[in-house]
Structures are given as C-alpha cells and as structure tokens.
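File shown here: structure.csv, holding CSV, C-alpha atoms and all ligand atoms.
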```
chain,number,residue,atom,x,y,z
A,103,MET,CA,15.2,-14.3,19.6
A,104,ARG,CA,15.6,-11.9,16.7
A,105,PRO,CA,12.4,-11.0,14.9
A,106,THR,CA,12.8,-11.2,11.2
A,107,GLY,CA,11.7,-8.9,8.4
A,108,ASP,CA,11.1,-5.7,10.4
A,109,GLN,CA,14.6,-4.2,10.5
A,110,GLU,CA,14.2,-1.6,7.8
A,111,ARG,CA,10.7,-0.6,8.6
A,112,PRO,CA,9.7,2.6,10.4
A,113,PRO,CA,8.7,2.3,14.0
A,114,LEU,CA,5.0,1.7,14.6
A,115,ALA,CA,4.4,5.1,16.0
A,116,ALA,CA,5.7,6.7,12.8
A,117,VAL,CA,3.5,4.3,10.7
A,118,ALA,CA,0.5,5.2,12.8
A,119,ALA,CA,1.1,8.9,13.3
A,120,GLY,CA,0.2,10.5,10.0
A,121,GLY,CA,0.6,13.7,12.0
A,122,ALA,CA,-1.8,13.4,14.8
A,123,ALA,CA,-2.0,10.6,17.4
A,124,THR,CA,-4.2,8.2,15.4
A,125,ALA,CA,-5.6,5.2,17.3
A,126,LEU,CA,-4.8,1.9,15.7
A,127,PRO,CA,-7.2,-0.9,14.9
A,128,ILE,CA,-6.2,-4.4,15.9
A,129,THR,CA,-7.0,-7.2,13.5
A,130,VAL,CA,-6.7,-10.8,14.7
A,131,ARG,CA,-7.2,-13.6,12.2
A,132,ARG,CA,-7.3,-17.4,12.8
A,133,LEU,CA,-5.1,-17.1,15.8
A,134,SER,CA,-4.5,-20.5,17.5
A,135,LYS,CA,-2.5,-21.8,20.4
A,136,ALA,CA,-2.4,-25.2,21.9
A,137,TYR,CA,-0.5,-26.7,24.8
A,138,GLY,CA,0.0,-30.3,23.8
A,139,ALA,CA,-3.4,-31.6,22.8
A,140,VAL,CA,-5.2,-28.8,24.6
A,141,SER,CA,-6.4,-26.0,22.3
A,142,VAL,CA,-6.3,-22.8,24.3
A,143,LEU,CA,-7.0,-20.4,21.4
A,144,ASP,CA,-9.1,-21.9,18.6
A,145,GLU,CA,-8.9,-19.9,15.3
A,146,ILE,CA,-9.7,-16.6,16.9
A,147,ASP,CA,-11.0,-13.8,14.7
A,148,LEU,CA,-11.2,-10.4,16.4
A,149,ASP,CA,-11.5,-6.8,15.1
A,150,VAL,CA,-10.8,-4.1,17.7
A,151,ARG,CA,-11.8,-0.7,16.3
A,152,PRO,CA,-9.5,2.3,16.5
A,153,GLY,CA,-10.0,4.1,19.8
A,154,GLU,CA,-12.3,1.3,21.1
A,155,PHE,CA,-12.5,0.0,24.7
A,156,LEU,CA,-12.9,-3.7,24.1
A,157,THR,CA,-13.1,-6.2,26.9
A,158,LEU,CA,-12.2,-9.9,26.8
A,159,LEU,CA,-14.6,-11.5,29.3
A,160,GLY,CA,-14.8,-15.1,30.2
A,161,PRO,CA,-14.4,-17.7,32.9
A,162,SER,CA,-11.1,-18.6,34.3
A,163,GLY,CA,-9.1,-20.7,31.8
A,164,SER,CA,-11.1,-19.5,28.8
A,165,GLY,CA,-8.0,-18.0,27.1
A,166,LYS,CA,-8.2,-14.3,27.9
A,167,THR,CA,-4.6,-13.9,29.1
A,168,THR,CA,-3.3,-16.1,26.3
A,169,LEU,CA,-5.0,-13.9,23.7
A,170,LEU,CA,-3.8,-10.7,25.4
A,171,MET,CA,-0.2,-12.0,25.6
A,172,ALA,CA,-0.3,-13.0,21.9
A,173,ILE,CA,-1.4,-9.4,21.1
A,174,ALA,CA,1.4,-8.1,23.3
A,175,GLY,CA,4.0,-10.3,21.8
A,176,PHE,CA,4.9,-12.3,24.9
A,177,LEU,CA,3.4,-15.4,23.5
A,178,ARG,CA,4.1,-16.9,20.0
A,179,PRO,CA,0.9,-18.4,18.6
A,180,ASP,CA,0.9,-21.6,16.6
A,181,GLN,CA,-0.8,-19.9,13.7
A,182,GLY,CA,-2.6,-16.8,12.7
A,183,SER,CA,-2.1,-13.2,12.1
A,184,ILE,CA,-2.2,-10.0,14.3
A,185,ARG,CA,-2.1,-6.6,12.6
A,186,PHE,CA,-1.9,-3.2,14.2
A,187,GLY,CA,-3.3,-0.9,11.5
A,188,GLU,CA,-1.8,-2.3,8.3
A,189,ARG,CA,1.2,-3.8,9.9
A,190,GLU,CA,1.6,-7.5,10.6
A,191,VAL,CA,3.1,-7.8,14.1
A,192,VAL,CA,2.8,-11.5,14.9
A,193,ARG,CA,6.5,-12.1,14.6
A,194,LEU,CA,7.5,-8.7,16.1
A,195,ALA,CA,9.2,-8.7,19.5
A,196,PRO,CA,7.1,-7.2,22.4
A,197,HIS,CA,9.1,-4.0,22.9
A,198,LYS,CA,8.8,-3.2,19.2
A,199,ARG,CA,5.0,-3.3,19.3
A,200,GLU,CA,4.8,0.0,21.2
A,201,ILE,CA,2.1,-1.2,23.5
A,202,GLY,CA,1.3,0.0,27.0
A,203,MET,CA,0.7,-2.9,29.4
A,204,VAL,CA,-0.9,-3.1,32.8
A,205,PHE,CA,-0.9,-6.3,34.8
A,206,GLN,CA,-2.9,-7.5,37.8
A,207,ASN,CA,0.0,-7.4,40.2
A,208,TYR,CA,1.2,-3.9,39.0
A,209,ALA,CA,4.8,-5.3,38.2
A,210,LEU,CA,6.3,-2.2,39.7
A,211,PHE,CA,10.0,-2.0,40.7
A,212,PRO,CA,9.8,-1.8,44.5
A,213,HIS,CA,13.3,-0.3,44.9
A,214,MET,CA,12.7,2.6,42.5
A,215,ASP,CA,10.6,5.7,43.4
A,216,VAL,CA,7.4,6.5,41.5
A,217,ALA,CA,9.1,8.8,39.0
A,218,ARG,CA,11.8,6.2,38.1
A,219,ASN,CA,9.1,3.5,37.7
A,220,VAL,CA,7.0,5.7,35.4
A,221,GLY,CA,10.1,6.9,33.4
A,222,PHE,CA,11.4,3.4,32.9
A,223,PRO,CA,9.9,2.9,29.3
A,224,LEU,CA,11.4,6.3,28.3
A,225,ARG,CA,14.9,5.4,29.6
A,226,LEU,CA,14.6,2.1,27.6
A,227,ARG,CA,13.9,4.3,24.6
A,228,ARG,CA,16.9,6.6,25.5
A,229,VAL,CA,14.8,9.7,25.8
A,230,ALA,CA,16.7,12.7,27.1
A,231,ALA,CA,16.5,13.2,30.9
A,232,ALA,CA,14.7,16.6,30.8
A,233,GLU,CA,12.1,15.2,28.5
A,234,ILE,CA,11.7,12.2,30.7
A,235,ALA,CA,11.0,14.4,33.7
A,236,ARG,CA,8.5,16.4,31.8
A,237,ARG,CA,6.6,13.4,30.4
A,238,VAL,CA,6.7,11.5,33.7
A,239,GLU,CA,5.1,14.5,35.5
A,240,ALA,CA,2.5,14.8,32.8
A,241,ALA,CA,1.6,11.0,33.0
A,242,LEU,CA,1.3,11.3,36.8
A,243,GLU,CA,-1.0,14.3,36.4
A,244,THR,CA,-3.1,12.2,34.0
A,245,VAL,CA,-3.6,9.5,36.6
A,246,GLN,CA,-4.1,12.1,39.4
A,247,LEU,CA,-0.8,11.5,41.1
A,248,GLY,CA,0.8,14.8,40.3
A,249,GLY,CA,3.6,15.5,42.8
A,250,PHE,CA,4.0,11.9,43.8
A,251,GLY,CA,7.2,11.4,41.8
A,252,SER,CA,9.6,11.0,44.8
A,253,ARG,CA,7.3,8.7,46.8
A,254,ARG,CA,8.5,5.1,47.4
A,255,ILE,CA,6.3,2.4,46.0
A,256,ASP,CA,5.8,0.9,49.4
A,257,GLN,CA,4.4,4.2,50.7
A,258,LEU,CA,1.5,3.9,48.3
A,259,SER,CA,-2.0,2.3,48.6
A,260,GLY,CA,-3.1,-0.4,46.2
A,261,GLY,CA,-5.1,2.1,44.1
A,262,GLN,CA,-2.1,4.4,43.9
A,263,ARG,CA,0.2,1.6,42.9
A,264,GLN,CA,-2.2,0.6,40.1
A,265,ARG,CA,-2.3,4.2,38.9
A,266,VAL,CA,1.6,4.3,38.9
A,267,ALA,CA,1.4,1.2,36.7
A,268,LEU,CA,-1.1,2.9,34.5
A,269,ALA,CA,1.1,6.1,34.2
A,270,ARG,CA,4.0,3.8,33.2
A,271,ALA,CA,1.9,2.2,30.5
A,272,ILE,CA,0.8,5.6,29.0
A,273,VAL,CA,4.0,7.6,29.5
A,274,PHE,CA,5.4,6.8,26.0
A,275,GLU,CA,2.0,7.6,24.4
A,276,PRO,CA,1.3,4.1,23.1
A,277,ARG,CA,-1.4,3.7,20.4
A,278,ILE,CA,-2.6,0.5,22.1
A,279,ILE,CA,-3.1,-0.3,25.8
A,280,LEU,CA,-3.5,-3.8,27.0
A,281,MET,CA,-4.7,-4.5,30.6
A,282,ASP,CA,-5.0,-7.9,32.2
A,283,GLU,CA,-7.3,-7.9,35.3
A,284,PRO,CA,-5.7,-4.6,36.5
A,285,LEU,CA,-8.2,-4.0,39.3
A,286,SER,CA,-8.7,-7.5,40.6
A,287,ALA,CA,-6.4,-7.0,43.6
A,288,LEU,CA,-8.3,-4.0,44.8
A,289,ASP,CA,-11.2,-3.9,47.2
A,290,LYS,CA,-14.7,-3.5,45.9
A,291,GLN,CA,-15.1,0.3,46.5
A,292,LEU,CA,-11.7,1.2,45.0
A,293,ARG,CA,-12.2,-1.2,42.1
A,294,GLU,CA,-15.5,0.5,41.2
A,295,ARG,CA,-14.0,3.9,41.4
A,296,MET,CA,-11.0,2.9,39.3
A,297,GLN,CA,-13.4,1.4,36.7
A,298,ILE,CA,-14.9,4.8,36.1
A,299,GLU,CA,-11.4,6.5,36.2
A,300,LEU,CA,-9.9,4.0,33.7
A,301,ARG,CA,-12.9,4.6,31.4
A,302,GLN,CA,-12.5,8.4,31.6
A,303,LEU,CA,-8.7,8.1,31.0
A,304,HIS,CA,-9.4,5.9,28.0
A,305,GLU,CA,-11.7,8.7,26.6
A,306,ARG,CA,-9.1,11.4,27.2
A,307,LEU,CA,-6.2,9.4,25.6
A,308,GLY,CA,-8.2,8.0,22.7
A,309,THR,CA,-6.1,4.9,22.6
A,310,THR,CA,-7.3,1.5,21.4
A,311,THR,CA,-7.7,-0.5,24.7
A,312,VAL,CA,-8.1,-4.2,25.1
A,313,TYR,CA,-9.1,-5.1,28.7
A,314,VAL,CA,-9.3,-8.5,30.3
A,315,THR,CA,-11.6,-9.3,33.2
A,316,HIS,CA,-13.6,-12.2,34.5
A,317,ASP,CA,-16.0,-9.8,36.2
A,318,GLN,CA,-19.1,-9.3,34.1
A,319,ARG,CA,-20.2,-6.1,35.9
A,320,GLU,CA,-16.8,-4.6,35.3
A,321,ALA,CA,-17.1,-5.5,31.6
A,322,LEU,CA,-20.6,-4.0,31.4
A,323,THR,CA,-19.5,-0.8,33.1
A,324,MET,CA,-16.3,-0.1,31.1
A,325,SER,CA,-16.6,-1.4,27.6
A,326,ASP,CA,-17.7,-0.2,24.2
A,327,ARG,CA,-17.9,-3.8,23.3
A,328,ILE,CA,-17.4,-7.1,25.0
A,329,ALA,CA,-16.0,-10.3,23.5
A,330,VAL,CA,-17.2,-13.2,25.6
A,331,LEU,CA,-14.7,-16.1,25.5
A,332,ASN,CA,-15.6,-19.7,26.0
A,333,ARG,CA,-12.9,-22.4,25.8
A,334,GLY,CA,-10.6,-20.4,23.4
A,335,ARG,CA,-13.4,-19.2,21.2
A,336,ILE,CA,-15.3,-16.0,21.0
A,337,ALA,CA,-18.9,-17.0,21.9
A,338,ARG,CA,-20.2,-13.5,21.3
A,339,ILE,CA,-19.0,-10.0,20.6
A,340,ASP,CA,-21.3,-7.0,20.9
A,341,THR,CA,-22.1,-3.9,23.0
A,342,PRO,CA,-22.9,-4.5,26.7
A,343,ARG,CA,-26.6,-3.7,26.2
A,344,ALA,CA,-27.0,-6.0,23.2
A,345,ILE,CA,-25.2,-8.9,25.0
A,346,TYR,CA,-27.3,-8.4,28.2
A,347,ASP,CA,-30.6,-8.0,26.5
A,348,GLU,CA,-30.1,-10.6,23.7
A,349,PRO,CA,-27.5,-13.0,25.0
A,350,GLY,CA,-28.0,-15.3,22.0
A,351,SER,CA,-26.8,-18.5,23.7
A,352,ARG,CA,-27.2,-20.2,27.0
A,353,PHE,CA,-23.5,-19.8,27.8
A,354,VAL,CA,-23.6,-16.0,27.4
A,355,ALA,CA,-26.9,-15.7,29.3
A,356,GLU,CA,-25.5,-17.8,32.2
A,357,PHE,CA,-22.2,-15.9,32.3
A,358,ILE,CA,-23.6,-12.4,32.1
A,359,GLY,CA,-26.3,-11.4,34.6
A,360,GLU,CA,-28.5,-13.6,36.6
A,361,SER,CA,-31.0,-15.8,34.7
A,362,SER,CA,-33.8,-18.3,35.1
A,363,PHE,CA,-34.0,-20.8,32.3
A,364,ILE,CA,-37.4,-22.4,31.5
A,365,ARG,CA,-38.3,-25.0,29.0
A,366,ALA,CA,-40.5,-23.7,26.2
A,367,GLU,CA,-42.1,-25.4,23.2
A,368,VAL,CA,-43.1,-24.0,19.9
A,369,ALA,CA,-46.0,-25.5,17.9
A,370,ASP,CA,-48.1,-24.0,15.1
A,371,GLY,CA,-46.2,-20.7,15.5
A,372,VAL,CA,-47.2,-20.4,19.2
A,373,CYS,CA,-44.7,-20.6,22.0
A,374,ARG,CA,-45.7,-22.0,25.4
A,375,ALA,CA,-43.8,-22.2,28.6
A,376,ALA,CA,-44.9,-23.1,32.2
A,377,GLY,CA,-48.5,-23.3,31.0
A,378,SER,CA,-48.7,-19.8,29.4
A,379,VAL,CA,-48.5,-18.6,25.9
A,380,ILE,CA,-45.3,-16.6,25.4
A,381,ARG,CA,-44.8,-13.7,23.1
A,382,ALA,CA,-41.2,-12.5,22.4
A,383,ARG,CA,-39.4,-10.3,20.0
A,384,LEU,CA,-38.4,-13.3,18.0
A,385,LEU,CA,-39.1,-17.0,17.9
A,386,PRO,CA,-35.7,-18.9,17.7
A,387,VAL,CA,-37.2,-22.1,16.3
A,388,ALA,CA,-40.1,-22.8,13.9
A,389,ARG,CA,-41.2,-25.8,16.1
A,390,GLY,CA,-40.0,-27.9,18.9
A,391,GLN,CA,-38.2,-27.1,22.1
A,392,CYS,CA,-36.4,-23.9,23.1
A,393,THR,CA,-35.4,-22.1,26.3
A,394,MET,CA,-37.0,-19.0,27.8
A,395,VAL,CA,-34.5,-16.7,29.7
A,396,LEU,CA,-35.9,-14.5,32.5
A,397,ARG,CA,-33.8,-11.9,34.2
A,398,PRO,CA,-34.7,-11.3,37.8
A,399,GLU,CA,-34.9,-7.5,37.6
A,400,ARG,CA,-37.2,-7.6,34.6
A,401,LEU,CA,-39.9,-9.6,36.4
A,402,HIS,CA,-42.9,-8.1,38.1
A,403,LEU,CA,-45.0,-9.4,40.9
A,404,LEU,CA,-48.5,-8.5,39.6
A,405,ALA,CA,-51.4,-7.3,41.7
A,406,ALA,CA,-54.9,-8.3,40.7
A,407,GLY,CA,-55.8,-6.8,37.3
A,408,GLU,CA,-52.2,-6.0,36.4
A,409,GLY,CA,-50.2,-7.6,33.6
A,410,GLU,CA,-52.1,-6.3,30.5
A,411,GLY,CA,-49.9,-7.0,27.4
A,412,MET,CA,-47.3,-8.9,29.4
A,413,ASN,CA,-46.4,-12.6,29.5
A,414,CYS,CA,-47.9,-13.8,32.7
A,415,PHE,CA,-47.3,-16.9,34.9
A,416,ASP,CA,-49.1,-18.4,37.9
A,417,ALA,CA,-46.5,-19.0,40.5
A,418,ARG,CA,-46.0,-19.8,44.2
A,419,VAL,CA,-43.6,-17.9,46.4
A,420,THR,CA,-40.8,-20.1,47.8
A,421,GLY,CA,-38.6,-17.6,49.5
A,422,ALA,CA,-37.6,-13.9,49.9
A,423,ILE,CA,-34.3,-12.3,50.8
A,424,TYR,CA,-33.9,-8.7,51.7
A,425,GLN,CA,-30.6,-7.4,50.1
A,426,GLY,CA,-30.8,-3.7,50.8
A,427,ASP,CA,-31.1,-2.3,47.3
A,428,THR,CA,-33.5,-5.1,46.2
A,429,LEU,CA,-35.7,-7.8,47.5
A,430,LEU,CA,-34.8,-11.1,46.0
A,431,VAL,CA,-38.0,-13.2,45.7
A,432,GLN,CA,-37.8,-16.9,44.8
A,433,ALA,CA,-40.8,-18.5,43.2
A,434,ALA,CA,-41.9,-21.7,41.4
A,435,LEU,CA,-43.9,-21.4,38.2
A,436,GLY,CA,-46.9,-23.7,37.5
A,437,ASP,CA,-44.6,-26.4,36.0
A,438,GLY,CA,-42.3,-26.2,39.0
A,439,SER,CA,-39.6,-24.2,37.3
A,440,PRO,CA,-37.7,-22.0,39.8
A,441,VAL,CA,-37.5,-18.3,39.0
A,442,ALA,CA,-36.0,-15.4,40.8
A,443,LEU,CA,-37.3,-11.8,40.9
A,444,ARG,CA,-35.5,-8.7,42.1
A,445,LEU,CA,-37.9,-6.0,43.3
A,446,ALA,CA,-37.0,-2.4,44.1
A,447,THR,CA,-37.1,-1.7,47.8
A,448,ARG,CA,-37.5,2.1,47.6
A,449,GLY,CA,-40.4,4.0,49.2
A,450,GLY,CA,-41.5,1.1,51.3
A,451,ALA,CA,-42.4,-0.9,48.2
A,452,ALA,CA,-41.9,-4.6,47.9
A,453,ALA,CA,-42.9,-6.0,51.2
A,454,ALA,CA,-41.8,-9.7,51.2
A,455,PRO,CA,-44.8,-11.8,50.1
A,456,PRO,CA,-45.5,-14.7,52.5
A,457,ILE,CA,-43.8,-18.0,51.6
A,458,GLY,CA,-46.3,-20.4,50.0
A,459,ALA,CA,-48.5,-17.7,48.7
A,460,ALA,CA,-49.9,-17.9,45.2
A,461,ALA,CA,-48.5,-15.1,43.0
A,462,ARG,CA,-48.7,-13.9,39.5
A,463,ILE,CA,-45.5,-13.0,37.7
A,464,GLY,CA,-45.3,-10.8,34.6
A,465,VAL,CA,-42.6,-10.0,32.1
A,466,ALA,CA,-42.8,-7.5,29.3
A,467,VAL,CA,-42.7,-9.0,25.8
A,468,GLU,CA,-39.5,-7.0,25.0
A,469,ASP,CA,-37.8,-8.4,28.1
A,470,THR,CA,-38.7,-12.0,27.2
A,471,VAL,CA,-35.8,-13.8,25.6
A,472,LEU,CA,-36.1,-17.1,23.8
A,473,LEU,CA,-33.0,-19.1,22.9
A,474,ALA,CA,-32.6,-22.0,20.5
A,475,ASP,CA,-31.2,-25.1,22.2
A,476,ASP,CA,-27.9,-25.5,20.3
A,477,ASP,CA,-26.2,-24.7,23.6
A,478,GLY,CA,-23.1,-22.7,23.9
A,479,GLU,CA,-22.4,-21.4,20.4
A,480,ALA,CA,-22.8,-18.0,18.9
A,481,ARG,CA,-25.9,-17.2,16.9
B,1,LIG,P1,-7.7,-17.0,31.4
B,1,LIG,O1,-6.8,-15.8,31.4
B,1,LIG,O2,-8.9,-16.8,30.6
B,1,LIG,O3,-8.0,-17.4,32.8
B,1,LIG,P2,-5.5,-18.4,30.3
B,1,LIG,O4,-5.3,-17.7,28.9
B,1,LIG,O5,-4.5,-18.0,31.3
B,1,LIG,O6,-7.0,-18.2,30.7
B,1,LIG,O7,-5.3,-20.0,30.1
B,1,LIG,C1,-6.2,-20.7,29.2
B,1,LIG,C2,-5.8,-22.1,29.3
B,1,LIG,O8,-4.5,-22.4,28.9
B,1,LIG,C3,-5.9,-22.7,30.7
B,1,LIG,O9,-6.6,-23.9,30.7
B,1,LIG,C4,-4.5,-22.8,31.2
B,1,LIG,O10,-4.4,-23.8,32.1
B,1,LIG,C5,-3.8,-23.1,29.9
B,1,LIG,N1,-2.4,-22.6,29.9
B,1,LIG,C6,-2.0,-21.3,29.9
B,1,LIG,N2,-0.7,-21.2,29.9
B,1,LIG,C7,-0.2,-22.5,29.8
B,1,LIG,C8,1.1,-23.0,29.7
B,1,LIG,N3,2.2,-22.3,29.7
B,1,LIG,N4,1.2,-24.4,29.6
B,1,LIG,C9,0.1,-25.2,29.6
B,1,LIG,N5,-1.2,-24.7,29.7
B,1,LIG,C10,-1.3,-23.4,29.8
B,2,MG,MG,-6.0,-14.6,33.0
```
Please re-express this file's structure in structure tokens.
Amino acid sequence: MRPTGDQERPPLAAVAAGGAATALPITVRRLSKAYGAVSVLDEIDLDVRPGEFLTLLGPSGSGKTTLLMAIAGFLRPDQGSIRFGEREVVRLAPHKREIGMVFQNYALFPHMDVARNVGFPLRLRRVAAAEIARRVEAALETVQLGGFGSRRIDQLSGGQRQRVALARAIVFEPRIILMDEPLSALDKQLRERMQIELRQLHERLGTTTVYVTHDQREALTMSDRIAVLNRGRIARIDTPRAIYDEPGSRFVAEFIGESSFIRAEVADGVCRAAGSVIRARLLPVARGQCTMVLRPERLHLLAAGEGEGMNCFDARVTGAIYQGDTLLVQAALGDGSPVALRLATRGGAAAAPPIGAAARIGVAVEDTVLLADDDGEAR
C-alpha cells in the first residue's frame, strides 16, 4: 500500500528538528474504528503534549492497543485525524512516522546478536556501518547494557531482552515512543524496577511517550497523565493524583485504586450517608441520590474522642486480614454497607480489632468523594 500525498514532503525528523531535538505533540481527533457492528474506538479526541509521558489505561478490550496501533500506523482507522506536530500522518505508512515502538513480547530477532537487533532500524535507514556501531553502543549504554552487543538474545534475561527492545526503539532518536504493555511479561520485582528505569529514560530522552498498560499502579507510577479508556472512549484524562483523588465517575473509581461505594442522599443542601451527615469538597447533585466513595487507606479507626472535623460513621468489624505492610479491616456501616480500611502496621500499631466489635470510622472531609449517579461517563 502506497501512502499518498507525502512524497515531496521532508521527513518528520526534519520537520520537527528546528535545530534541536524537539519533542512532538500528538493530536488525535474524532478517531474511530469498528469491526463489523462493534465500535472499538469511538470518536477519540486526545492531545499528547510534547515530551509528555501519557499512559492509556483501561480494562482488557477497551481499545488501548487499537489506539496505539492507529498512532503507529499499523492500523487504518475508519475516520479521524492524527497529527504529529503540524503534520497529518493518518495516511502515512508506519516506517515513515519515525516512531520507536516497544511491544510486550519484545519482538527481537532471536538469530541476531544484541548489536544487530539494536542496529536494525539504522540498517533499514541505510546509515553507514561505523555510525551504526557508534549509535548502537550509545543506545545500549542508555539502557545500561553497555558491552552487551555481542551477546545472543537467548543468553539474556527477560529484563535484559526488554532493554534490548528499548534500545532498538530509541537508536534512531525518534521523537515519539510508543509502548504496548512492555513490562507485562516480567515478574513483579523486575517490573517495578523497570517502571522506574523507563520513567528515568523518558526524562533523559525528552521524547513524547504513549504507554499502554492495564495495570493501574504502573500507570500511577510512571505517567505525567493517564487517559482511562472504557469501551473505546476516554472516560477521563488527568494527572495520577487528580484521577485518584477525584475519580469523577464510578467506572474510574472502580478501576483505579480500591473503593467502597455507599449510597448517599442530598436534601436541603445536606448530604447524608449511612446515618451520618457528610461533608465533602463538592456536592455533585443539588438534591436526590448520589454515591460516596471511600478509599481504604484514607479511613481511620477512631478511638473514643477522636474524629473532630471528620465525617464519622458507626460501624461493626466483620473481618481483619494481616497483609504485612497493612492491616485490611472489613466493617459494616450502620446501614449495612461494607467498607474496607487499610491501617498502617508500623510500630506495633493496628492490632486487629475483634470481629463483631463496635467501631467508629472517620474520614477527612478532603478525602470524602461524592459522585453523581450518571454512571460511567466523564464529568
Ligand atoms: P486492549 O488493548 O485495550 O485490550 P484492543 O484494542 O486489543 O483492546 O481491542 C479492543 C476490542 O477490539 C476488543 O474487543 C477486541 O476483541 C476487538 N478487536 C481488536 N482487533 C480486532 C480484529 N482484528 N478484529 C475484530 N475485533 C478486534
Ligand atoms: Mg492490548
């Protein structure tokens, strides 16, 4: 397939360069893709800022990979626009988009050594051999694999292979890097170390990065901003802190972090839930039903006399599980609503309260989130 209309234009790098290595913004407008009657991307609008680390987060099947593949050029959308800087790329072939890509399964060539794998994009671009050798070694240094050039792929650990894939993605100095669940094949410890490494690498390179994961903690750890996808739409896009503290919809609150949801009712400007008057930063409705969201680590088990200025609930303890870093306490509020609390275990604190005991639970006003009941959609 021959892309049309781009033959006489300068390459992207030259467009973007303006002298220094300028990161490119990505502008997606009304991007749609359907398979038969099933809409997989539904008029997506997305602005990725230059140099930003933006994560597409969502459950399996929400359209993350499809959106990333459309940005990379491996998938032709049914409609919509994708611009890198000023340039429309939606009809441009993938290799002309000058993107660095990292996939979940590394997609390395097993029969080539590390250096030949990393140098592959440069050979494609007919770069001179001496220059290839220099840039391959520099890319390997960047991912902390200096001197590994002559190793065979099958002599490397999972984490090292993923770094080779990363070196291959950055060796031609792309302005945009796209990654689709690049760490999901690694075990937990290595994955958490690589999250920090990838984030640091992003800061050194200054590229615009779009990262796909279904792991909310990974998204919170790595991202400048997170776009939460739900059924081919962006339910929410914001910073990790804003999304966690003000999820804005039940879908986002359920998907990111743990939550207890409790019926609440607003009448005459006063909100009540589980038999208590509730104060929150904002009331989502003028009157009628809404939902209170309580995060387990924001709740306190109150001793007698504590709880001044907080929202307080009478409760009964229904269970307690020691989890090392925290004690997970389950309780039922006065109206029977189940809630979970995470209590710090340090310094001998947080002995498990006896099951069946009466308890008082407190939550600070600024940690009390109320949601309108138009479930699932963005604010
Ligand atoms: P995610 O990466 O968020 O898990 P995908 O983008 O891979 O989701 O897929 C989104 C939806 O599109 C899924 O329901 C998937 O089954 C469907 N889908 C993806 N590719 C195809 C295809 N080639 N043909 C039909 N349906 C597809
Ligand atoms: Mg996917």
What are the closest atom pairs, with distances in Å to one decimal, for each residue of chain A lying within 6 Å of ligand LIG 1 (chain B), using all atoms listed in the file, rows by chain and rising residue number, as CSV?
```
residue,atom,partner,partner_atom,distance
A:Tyr137,CA,B:LIG1,C9,5.1
A:Val142,CA,B:LIG1,O8,5.0
A:Ser162,CA,B:LIG1,O3,3.6
A:Gly163,CA,B:LIG1,O6,3.4
A:Ser164,CA,B:LIG1,O2,3.9
A:Gly165,CA,B:LIG1,O4,3.3
A:Lys166,CA,B:LIG1,O2,3.7
A:Thr167,CA,B:LIG1,O1,3.7
A:Thr168,CA,B:LIG1,O4,3.6
```
Show me as an mmCIF file with C-alpha atoms, keeping the file's coordinate frame the residues that reach within 7 Å of (1.3, 0.2, 20.6), counting only C-alpha atoms and using the file's own coordinates.
```
data_model
loop_
_atom_site.group_PDB
_atom_site.id
_atom_site.type_symbol
_atom_site.label_atom_id
_atom_site.label_comp_id
_atom_site.auth_asym_id
_atom_site.auth_seq_id
_atom_site.Cartn_x
_atom_site.Cartn_y
_atom_site.Cartn_z
ATOM 1 C CA ARG A 199 5.000 -3.300 19.300
ATOM 2 C CA GLU A 200 4.800 0.000 21.200
ATOM 3 C CA ILE A 201 2.100 -1.200 23.500
ATOM 4 C CA GLY A 202 1.300 0.000 27.000
ATOM 5 C CA PRO A 276 1.300 4.100 23.100
ATOM 6 C CA ARG A 277 -1.400 3.700 20.400
ATOM 7 C CA ILE A 278 -2.600 0.500 22.100
ATOM 8 C CA ILE A 279 -3.100 -0.300 25.800
#
```
Go through chain A and flag each residue having an atom no more than 12 Å from ligand MG 2 (chain B); for those, report the closest pair of atoms plus their distance in Å to one decimal, using all atoms listed in the file, ordered by chain and rising number, as a Markdown table.
```
| residue | atom | partner | partner_atom | distance |
| --- | --- | --- | --- | --- |
| A:Val142 | CA | B:MG2 | MG | 12.0 |
| A:Leu158 | CA | B:MG2 | MG | 9.9 |
| A:Leu159 | CA | B:MG2 | MG | 9.9 |
| A:Gly160 | CA | B:MG2 | MG | 9.2 |
| A:Pro161 | CA | B:MG2 | MG | 9.0 |
| A:Ser162 | CA | B:MG2 | MG | 6.6 |
| A:Gly163 | CA | B:MG2 | MG | 6.9 |
| A:Ser164 | CA | B:MG2 | MG | 8.2 |
| A:Gly165 | CA | B:MG2 | MG | 7.1 |
| A:Lys166 | CA | B:MG2 | MG | 5.6 |
| A:Thr167 | CA | B:MG2 | MG | 4.2 |
| A:Thr168 | CA | B:MG2 | MG | 7.4 |
| A:Leu169 | CA | B:MG2 | MG | 9.4 |
| A:Leu170 | CA | B:MG2 | MG | 8.8 |
| A:Met171 | CA | B:MG2 | MG | 9.8 |
| A:Phe205 | CA | B:MG2 | MG | 9.9 |
| A:Gln206 | CA | B:MG2 | MG | 9.1 |
| A:Asn207 | CA | B:MG2 | MG | 11.8 |
| A:Met281 | CA | B:MG2 | MG | 10.5 |
| A:Asp282 | CA | B:MG2 | MG | 6.8 |
| A:Glu283 | CA | B:MG2 | MG | 7.2 |
| A:Pro284 | CA | B:MG2 | MG | 10.6 |
| A:Ser286 | CA | B:MG2 | MG | 10.7 |
| A:Tyr313 | CA | B:MG2 | MG | 10.9 |
| A:Val314 | CA | B:MG2 | MG | 7.4 |
| A:Thr315 | CA | B:MG2 | MG | 7.7 |
| A:His316 | CA | B:MG2 | MG | 8.1 |
| A:Asp317 | CA | B:MG2 | MG | 11.5 |
| A:Leu331 | CA | B:MG2 | MG | 11.6 |
```
query: Which residues, written as number ranges by chain, have at least one atom at most 10 Å from Glu190 (chain A), with only C-alpha atoms counted and residues fewer than 5 positions away on the same chain left out?
result: A: 108, 128-130, 183-185
task: Fewer than 2 positions away in the same chain doesn't count, so skip those; otherwise give me all residues within 12 Å of Val441 (chain A), counting only C-alpha atoms, as a ChimeraX atom specification.
output: /A:360-364,376,394-403,415-422,430-439,443-444,463-465
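One finds CA of Thr244 (chain A) at 21.1 Å from CA of Pro152 (chain A).
Among the candidates A:Leu194, A:Ile336, A:Leu226, A:Ile255, the residue lying nearest to His213 (chain A) is A:Ile255 (atoms considered: all atoms listed in the file).
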- request: Take CA of Ile328 (chain A) and CA of Arg151 (chain A) and report the distance between them in Å, one decimal.
  value: 12.2 Å
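Compared by their closest atoms to Glu294 (chain A), and using all atoms listed in the file, the residues A:Arg228, A:Arg270, A:Arg319, A:Lys135 rank with A:Arg319 nearest.
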